[in-house]
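Structure, as structure tokens:
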Amino acid sequence: MAITLTPDQIDRYSRNILLKPVGGKGQRKLLEAGVLIIGLGGLGSPIALYLAAVGVGKLGLVDFDSVEVSNLQRQVIHHMADVGRPKVLSAADRIKSINPDVKVETFKTKLDSSNVMDIMSGYSIIVDGSDNFPTRYLVNDACHFTKKPLIHGSLFQFEGQATVFLPDKGCYRCLYPSPPPPGTIPNCQEAGILGVLPGIIGLIEATEAIKLILGIGNSLAGRLLVFDA
């Protein structure tokens with residue numbers, strides 16, 4: 001049964017609804033959608049904040065880590081008071097404070113072959129905000145086999161990348177057939193990262209998710225966006 005927008009929701013989402021390609025029908029699509037966000041760090045923070053604000057009705061949050069002071073330079077969903085807390089709980093609290101319409105499911109776990117399919121099963125779109133190659137390849141393979149759209153983003157120092165992989169139309173392994181040898185590409189703890197960069201790439205990923213839900217615009221499927229800050 002289709003969602004009927006309440007007067008409060010019409011007020012909250014009025015700036016979305018005023019857009020002709022969105023309207024009330026599009027807002028209902030957003031509220032009925034389920035998006036799984038892998039990682040609540042630099043990329044996952046803006047993705048979660050803005051998908052919640054725009055009215056995506058169900059968000060799944062996957063992260064096994066806890067908030068550290070060094071995260072706060074870029075992971076804007078977390079605050080000083082959250083240091084030491086699991087990132088999924090910190091992010092869930094922030095989402096609820098922004099938009100109580102959103103149903104939040106938290107998965108404080110490390111994704112692996114034993115749980116990835118089960119965790120992904122309740123979501124129609126997967127957004128990858130992870131920061132390591134094993135997780136990227138795992139999520140890619142799971143999306144390939146389950147034919148779920150995957151929105152990808154990655155970061156290195158001053159540079160970010162984003163793209164979309166649609167079912168049967170390419171995948172992360174098509175772009176990068178195999179992971180680099182361990183230790184050849186330093187992570188942000190070793191190489192540093194410009195604090196605003198995850199916000200830019202994360203918002204591009206969030207935008208791509210919204211476009212897929214609404215069925216509007218031209219997605220990044222088949223194209224790789226590279227941003228050099």
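Ordering of the structure tokens sets the chain letters (A, B, ...); residue numbers start at 1 within each chain; ligands are numbered from 1 in the order shown.
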Who sits within 9 Å of His144 in chain A, only C-alpha atoms, same chain under 2 positions skipped, as a list in words: Val139, Asn140, Asp141, Ala142, Thr146, Lys147, Lys148, Pro149, Leu150, Phe165, Leu166, Pro167, Asp168, Gly170 and Cys171 of chain A
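The environment of Ser70 in chain A within 10 Å, counting only C-alpha atoms and disregarding residues fewer than 5 places along the same chain, consists of Gln75, Val83 and Gln189 of chain A.
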Atoms to include: N, CA, C and O atoms. Write the selected residues as a PDB file, in the first residue's frame.
ATOM      1  N   GLN A  75      34.697  13.071   9.686  1.00  0.00           N
ATOM      2  CA  GLN A  75      33.522  12.216   9.870  1.00  0.00           C
ATOM      3  C   GLN A  75      32.449  13.003  10.625  1.00  0.00           C
ATOM      4  O   GLN A  75      32.252  12.844  11.833  1.00  0.00           O
ATOM      5  N   VAL A  83      32.994  10.162  21.172  1.00  0.00           N
ATOM      6  CA  VAL A  83      34.290   9.477  21.186  1.00  0.00           C
ATOM      7  C   VAL A  83      34.207   8.248  22.098  1.00  0.00           C
ATOM      8  O   VAL A  83      33.760   8.331  23.250  1.00  0.00           O
ATOM      9  N   GLN A 189      45.416   6.918   7.597  1.00  0.00           N
ATOM     10  CA  GLN A 189      46.216   7.017   8.818  1.00  0.00           C
ATOM     11  C   GLN A 189      47.699   7.201   8.490  1.00  0.00           C
ATOM     12  O   GLN A 189      48.440   7.817   9.247  1.00  0.00           O
TER      13      GLN A 189
END
Quick one: residues within 12 Å of Lys96 in chain A, only C-alpha atoms counted, chain neighbours fewer than 6 positions away excluded, as a PyMOL selection string? chain A and resi 48-49+52-53+55+57-59+77+89-90+102-105
DSSP on the backbone: what in range 121-158 of chain A comes out strand (DSSP E), as a list in words?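 Matching residues for strand (DSSP E) in range 121-158 of chain A are Ile125, Ile126, Val127, Asp128, Leu150, Ile151, His152, Gly153, Ser154, Leu155 and Phe156 of chain A.
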May I have the selected residues written with N, CA and C atoms, as a CSV table (one decimal), in the first residue's frame?
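Below you can see again_22.csv, which holds the result:
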chain,number,residue,atom,x,y,z
A,125,ILE,N,19.3,-0.7,-2.6
A,125,ILE,CA,20.5,0.0,-3.1
A,125,ILE,C,21.6,-0.1,-2.0
A,126,ILE,N,22.8,-0.4,-2.5
A,126,ILE,CA,24.0,-0.4,-1.6
A,126,ILE,C,24.9,0.7,-1.9
A,127,VAL,N,25.3,1.4,-0.9
A,127,VAL,CA,26.3,2.6,-1.0
A,127,VAL,C,27.5,2.2,-0.3
A,128,ASP,N,28.6,2.1,-1.0
A,128,ASP,CA,29.9,1.7,-0.4
A,128,ASP,C,30.7,3.0,0.1
A,150,LEU,N,25.1,-0.8,-7.0
A,150,LEU,CA,26.2,-0.5,-6.0
A,150,LEU,C,26.7,0.9,-6.4
A,151,ILE,N,26.7,1.8,-5.4
A,151,ILE,CA,27.3,3.1,-5.6
A,151,ILE,C,28.6,3.1,-4.9
A,152,HIS,N,29.7,3.5,-5.6
A,152,HIS,CA,31.0,3.4,-5.1
A,152,HIS,C,31.7,4.7,-4.9
A,153,GLY,N,32.4,4.9,-3.9
A,153,GLY,CA,33.3,6.1,-3.7
A,153,GLY,C,34.6,5.7,-3.0
A,154,SER,N,35.6,6.4,-3.4
A,154,SER,CA,36.9,6.1,-2.7
A,154,SER,C,37.7,7.4,-2.7
A,155,LEU,N,38.7,7.4,-1.8
A,155,LEU,CA,39.5,8.6,-1.5
A,155,LEU,C,41.0,8.3,-1.3
A,156,PHE,N,41.8,9.3,-1.7
A,156,PHE,CA,43.2,9.2,-1.4
A,156,PHE,C,43.8,10.6,-1.4
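Within 10 Å of Arg28 in chain A, once only C-alpha atoms are used and residues closer than 3 positions along the same chain are dropped, the contacting residues are Ala2, Ile3, Thr4, Leu5, Ile17, Val22, Gly23, Gly24, Lys25, Leu31, Glu32, Ala33, Gly55, Val56, Gly57 and Leu214 of chain A.
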Since we have the selection now, will you write its residues out, keeping N, CA, C and O atoms, as a tab-separated table (two decimals), in the first residue's frame?
chain	number	residue	atom	x	y	z
A	2	ALA	N	0.58	2.17	-0.89
A	2	ALA	CA	1.39	3.38	-1.04
A	2	ALA	C	1.29	4.26	0.20
A	2	ALA	O	0.25	4.33	0.86
A	3	ILE	N	2.40	4.91	0.51
A	3	ILE	CA	2.44	5.83	1.64
A	3	ILE	C	1.62	7.08	1.32
A	3	ILE	O	1.68	7.62	0.21
A	4	THR	N	0.85	7.54	2.28
A	4	THR	CA	0.16	8.83	2.17
A	4	THR	C	0.93	9.85	2.99
A	4	THR	O	1.16	9.64	4.19
A	5	LEU	N	1.33	10.92	2.35
A	5	LEU	CA	2.10	11.94	3.05
A	5	LEU	C	1.23	12.68	4.05
A	5	LEU	O	0.12	13.10	3.74
A	17	ILE	N	9.28	18.35	-2.93
A	17	ILE	CA	8.01	18.16	-3.64
A	17	ILE	C	7.80	19.24	-4.69
A	17	ILE	O	7.20	18.98	-5.75
A	22	VAL	N	10.31	15.44	-9.03
A	22	VAL	CA	10.14	14.71	-7.76
A	22	VAL	C	8.67	14.68	-7.39
A	22	VAL	O	8.01	13.65	-7.51
A	23	GLY	N	8.13	15.81	-6.96
A	23	GLY	CA	6.72	15.87	-6.59
A	23	GLY	C	6.37	14.95	-5.44
A	23	GLY	O	7.23	14.33	-4.81
A	24	GLY	N	5.08	14.81	-5.18
A	24	GLY	CA	4.63	13.93	-4.11
A	24	GLY	C	4.93	12.47	-4.40
A	24	GLY	O	5.28	11.70	-3.50
A	25	LYS	N	4.83	12.08	-5.67
A	25	LYS	CA	5.09	10.69	-6.05
A	25	LYS	C	6.54	10.32	-5.77
A	25	LYS	O	6.84	9.26	-5.22
A	31	LEU	N	10.54	7.75	0.64
A	31	LEU	CA	10.11	7.24	1.94
A	31	LEU	C	9.95	5.72	1.95
A	31	LEU	O	10.07	5.08	2.99
A	32	GLU	N	9.70	5.13	0.78
A	32	GLU	CA	9.53	3.69	0.68
A	32	GLU	C	10.85	2.96	0.42
A	32	GLU	O	10.91	1.73	0.46
A	33	ALA	N	11.92	3.72	0.16
A	33	ALA	CA	13.19	3.12	-0.24
A	33	ALA	C	14.00	2.63	0.95
A	33	ALA	O	13.87	3.16	2.06
A	55	GLY	N	14.76	12.22	3.20
A	55	GLY	CA	13.57	11.42	3.47
A	55	GLY	C	13.62	9.99	2.99
A	55	GLY	O	12.56	9.39	2.76
A	56	VAL	N	14.81	9.41	2.83
A	56	VAL	CA	14.88	7.98	2.53
A	56	VAL	C	14.38	7.23	3.77
A	56	VAL	O	14.90	7.39	4.87
A	57	GLY	N	13.38	6.39	3.57
A	57	GLY	CA	12.63	5.86	4.71
A	57	GLY	C	13.33	4.83	5.56
A	57	GLY	O	13.01	4.68	6.74
A	214	LEU	N	14.56	7.72	-7.51
A	214	LEU	CA	13.54	8.50	-8.21
A	214	LEU	C	13.43	8.11	-9.68
A	214	LEU	O	12.42	8.42	-10.33
What are the DSSP alpha helix (DSSP H) residues of range 15-74 of chain A, as an NGL selection string? :A and (15-17 or 23-32 or 44-54)
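Near Ile210 in chain A, within 9 Å and counting only C-alpha atoms, sit Leu30, Leu51, Val54, Val56 and Ile216 of chain A, not including residues fewer than 6 positions from it in the same chain.
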For CA of Ser114 in chain A and CA of Gly34 in chain A, quote the distance in Å rounded to one decimal.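 Separation between CA of Ser114 in chain A and CA of Gly34 in chain A: 21.7 Å.
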Range 57-145 of chain A near range 192-200 of chain A within 12 Å: what's each residue's closest atom pair and its distance in Å to one decimal, counting only C-alpha atoms, ordered by chain then ascending residue number, as CSV?
residue,atom,partner,partner_atom,distance
A:Ser70,CA,A:Gly195,CA,10.7
A:Asn71,CA,A:Gly195,CA,9.5
A:Leu72,CA,A:Gly195,CA,9.0
A:Gln73,CA,A:Gly195,CA,5.6
A:Arg74,CA,A:Gly195,CA,4.6
A:Gln75,CA,A:Pro198,CA,8.1
A:Val76,CA,A:Gly199,CA,8.5
A:Ile77,CA,A:Gly199,CA,10.7
A:Gly129,CA,A:Pro198,CA,9.3
A:Ser130,CA,A:Pro198,CA,11.4
A:Asp131,CA,A:Pro198,CA,11.0
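Each of A:Leu40, A:Val116, A:Ile10, A:Ala221 was compared to Arg94 in chain A using only C-alpha atoms, and A:Leu40 turns out to be the nearest.
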My list of candidates is A:Gln161, A:Asn218, A:Asn187, A:Gln27. Which is closest to Glu205 in chain A when distances are computed with only C-alpha atoms?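 Nearest to Glu205 in chain A: A:Gln161.
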